[in-house]
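Asks: Take this structure first; my questions come after.
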Amino acid sequence: MTLREVLDDAAALAGADGSLAVDVDAAGAISWSSGGTEFANVDATGLTAAFRLDTVLAGAARRTPDVGSSSRGADWVEFRPPVLDGHATDRATAWFLAALRRA
């Protein structure tokens, strides 16, 4: 399973009402938005996901393995797990859903 597949599964669960928009750019990066606000993306390599979280959750996320700051701003975190195991999948799904709720 890839990060994109994990986030596609999360989007399918959360966006059954059709409120999510998905955009794929020319390089192959994928972004998800709701109400015109982008809240998550996967880069073209498929190895790094970024999430727009509230300040408290973003701070906590940065203290977990494989997570760092993003050039997108203080409320964004980047997640680059070397192995997409159950823990990484759970974190990516939870952060996707939290970012969607915030959007």
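Quick note on naming: the chains in the structure tokens go A, B, ... in the order shown, residues restart at 1 in each chain, and ligands are numbered from 1 in order of appearance.
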Got a sec: who's within 10 Å of Ala98 (chain A), counting only C-alpha atoms, leaving out chain neighbours fewer than 3 positions off, as a list in words?

Replies: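 So the residues in contact are Phe39, Phe51, Arg52, Leu53, Asp54, Leu57, Ala92, Thr93, Ala94, Trp95, Arg101, Arg102 and Ala103 of chain A.
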
Asks: Quick one: everything within 9 Å of region 60-64 of chain A, counting only C-alpha atoms, minus sequence neighbours fewer than 3 positions away in the same chain. Send it as a list in words.

Replies: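 The contact residues come out as Thr55, Val56, Leu57, Val67, Gly68, Ser69, Val77, Glu78, Phe79, Arg91 and Trp95 of chain A.
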
Asks: Emit the selected residues as a short mmCIF file (atom, residue, chain, number, x, y, z; two decimals), in the first residue's frame, including N, CA, C and O atoms.

Replies:
data_model
loop_
_atom_site.label_atom_id
_atom_site.label_comp_id
_atom_site.auth_asym_id
_atom_site.auth_seq_id
_atom_site.Cartn_x
_atom_site.Cartn_y
_atom_site.Cartn_z
N THR A 55 -3.02 24.18 15.28
CA THR A 55 -1.72 24.46 15.88
C THR A 55 -1.29 23.41 16.89
O THR A 55 -0.15 22.96 16.88
N VAL A 56 -2.19 23.01 17.77
CA VAL A 56 -1.84 22.05 18.82
C VAL A 56 -1.51 20.69 18.21
O VAL A 56 -0.49 20.07 18.55
N LEU A 57 -2.34 20.22 17.30
CA LEU A 57 -2.10 18.91 16.68
C LEU A 57 -0.84 18.94 15.82
O LEU A 57 -0.07 17.99 15.81
N VAL A 67 8.10 12.95 10.94
CA VAL A 67 7.30 14.15 10.68
C VAL A 67 8.17 15.38 10.86
O VAL A 67 8.98 15.45 11.78
N GLY A 68 7.99 16.35 9.97
CA GLY A 68 8.73 17.59 10.08
C GLY A 68 7.88 18.78 9.70
O GLY A 68 6.71 18.64 9.32
N SER A 69 8.47 19.94 9.80
CA SER A 69 7.79 21.17 9.41
C SER A 69 7.66 21.22 7.89
O SER A 69 8.38 20.53 7.17
N VAL A 77 2.27 20.06 8.35
CA VAL A 77 3.34 19.12 8.69
C VAL A 77 3.57 18.20 7.50
O VAL A 77 2.66 17.96 6.71
N GLU A 78 4.80 17.73 7.38
CA GLU A 78 5.13 16.76 6.33
C GLU A 78 5.46 15.42 6.97
O GLU A 78 6.21 15.37 7.95
N PHE A 79 4.91 14.39 6.40
CA PHE A 79 5.06 13.03 6.91
C PHE A 79 5.73 12.18 5.84
O PHE A 79 5.21 12.06 4.73
N ARG A 91 -1.55 6.91 11.52
CA ARG A 91 -1.27 8.34 11.67
C ARG A 91 -1.70 9.12 10.43
O ARG A 91 -2.33 10.18 10.54
N TRP A 95 -4.50 12.03 10.59
CA TRP A 95 -4.16 13.41 10.24
C TRP A 95 -4.95 13.88 9.03
O TRP A 95 -5.34 15.04 8.96
#

Asks: Do you have the CA of Pro82 (chain A)-CA of Gly46 (chain A) distance handy?

Replies: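 Between CA of Pro82 (chain A) and CA of Gly46 (chain A) the gap is 11.7 Å.
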
Asks: Thr45 (chain A): which residues within 9 Å, counting only C-alpha atoms, same-chain residues fewer than 2 positions away excluded, as a list in words?

Replies: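 So, after excluding close chain neighbours, the residues are Gly28, Ala29, Val42, Asp43, Leu47 and Thr48 of chain A.
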
Asks: One number please: CA of Ser34 (chain A) to CA of Gly59 (chain A), in Å, one decimal.

Replies: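 That distance, rounded to one decimal, is 22.8 Å.
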
Asks: Kindly give the distance, in Å, that separates CA of Ala99 (chain A) and CA of Gly35 (chain A), rounded to a single decimal.

Replies: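 Answer for the CA of Ala99 (chain A) to CA of Gly35 (chain A) separation: 12.6 Å.
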
Asks: Can you list every residue in region 63-102 of chain A that DSSP puts in alpha helix (DSSP H), as a list in words?

Replies: Gly86, His87, Ala88, Thr89, Asp90, Arg91, Ala92, Thr93, Ala94, Trp95, Phe96, Leu97, Ala98, Ala99, Leu100, Arg101 and Arg102 of chain A

Asks: Keeping C-alpha atoms for every residue in the selection just given, could you write it to a file as a tab-separated table (two decimals), in the first residue's frame?

Replies:
chain	number	residue	atom	x	y	z
A	86	GLY	CA	0.16	-0.09	10.49
A	87	HIS	CA	1.29	2.75	12.77
A	88	ALA	CA	2.19	5.00	9.83
A	89	THR	CA	-1.09	4.16	8.10
A	90	ASP	CA	-3.05	5.00	11.24
A	91	ARG	CA	-1.27	8.34	11.67
A	92	ALA	CA	-1.74	9.32	8.01
A	93	THR	CA	-5.44	8.45	8.14
A	94	ALA	CA	-6.00	10.30	11.43
A	95	TRP	CA	-4.16	13.41	10.24
A	96	PHE	CA	-6.04	13.38	6.92
A	97	LEU	CA	-9.39	13.25	8.74
A	98	ALA	CA	-8.33	15.92	11.26
A	99	ALA	CA	-7.17	18.19	8.42
A	100	LEU	CA	-10.47	17.65	6.59
A	101	ARG	CA	-12.48	18.56	9.70
A	102	ARG	CA	-10.42	21.72	10.04

Asks: Taking only C-alpha atoms into account, name the residue in A:Ala74, A:Val83, A:Ala21, A:Ala44 that is nearest to Asp8 (chain A).

Replies: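 So, comparing all the options, the nearest one is A:Ala21.
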
Asks: Could you tell me, as an MDAnalysis selection string, which residues of region 14-90 of chain A DSSP assigns to strand (DSSP E or B) when given the backbone?

Replies: chainID A and resid 20:24 30:34 37:42 49:52 67:70 73:79

Asks: When you look at Met1 (chain A) with a cut-off of 10 Å (counting only C-alpha atoms), what residues show up, excluding the ones that are within fewer than 3 positions of it in the same chain? I need them as a ChimeraX atom specification.

Replies: /A:4-6,84-85,89

Asks: Using only C-alpha atoms, please write the residues we just selected to a file, as an mmCIF file, in the first residue's frame.

Replies:
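Everything below was put into result08.cif:
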data_model
loop_
_atom_site.group_PDB
_atom_site.id
_atom_site.type_symbol
_atom_site.label_atom_id
_atom_site.label_comp_id
_atom_site.auth_asym_id
_atom_site.auth_seq_id
_atom_site.Cartn_x
_atom_site.Cartn_y
_atom_site.Cartn_z
ATOM 1 C CA ARG A 4 -1.735 7.823 -1.845
ATOM 2 C CA GLU A 5 -3.791 4.656 -1.398
ATOM 3 C CA VAL A 6 -4.033 5.271 2.342
ATOM 4 C CA LEU A 84 4.272 2.317 5.620
ATOM 5 C CA ASP A 85 3.354 -0.047 8.455
ATOM 6 C CA THR A 89 -1.090 4.164 8.096
#
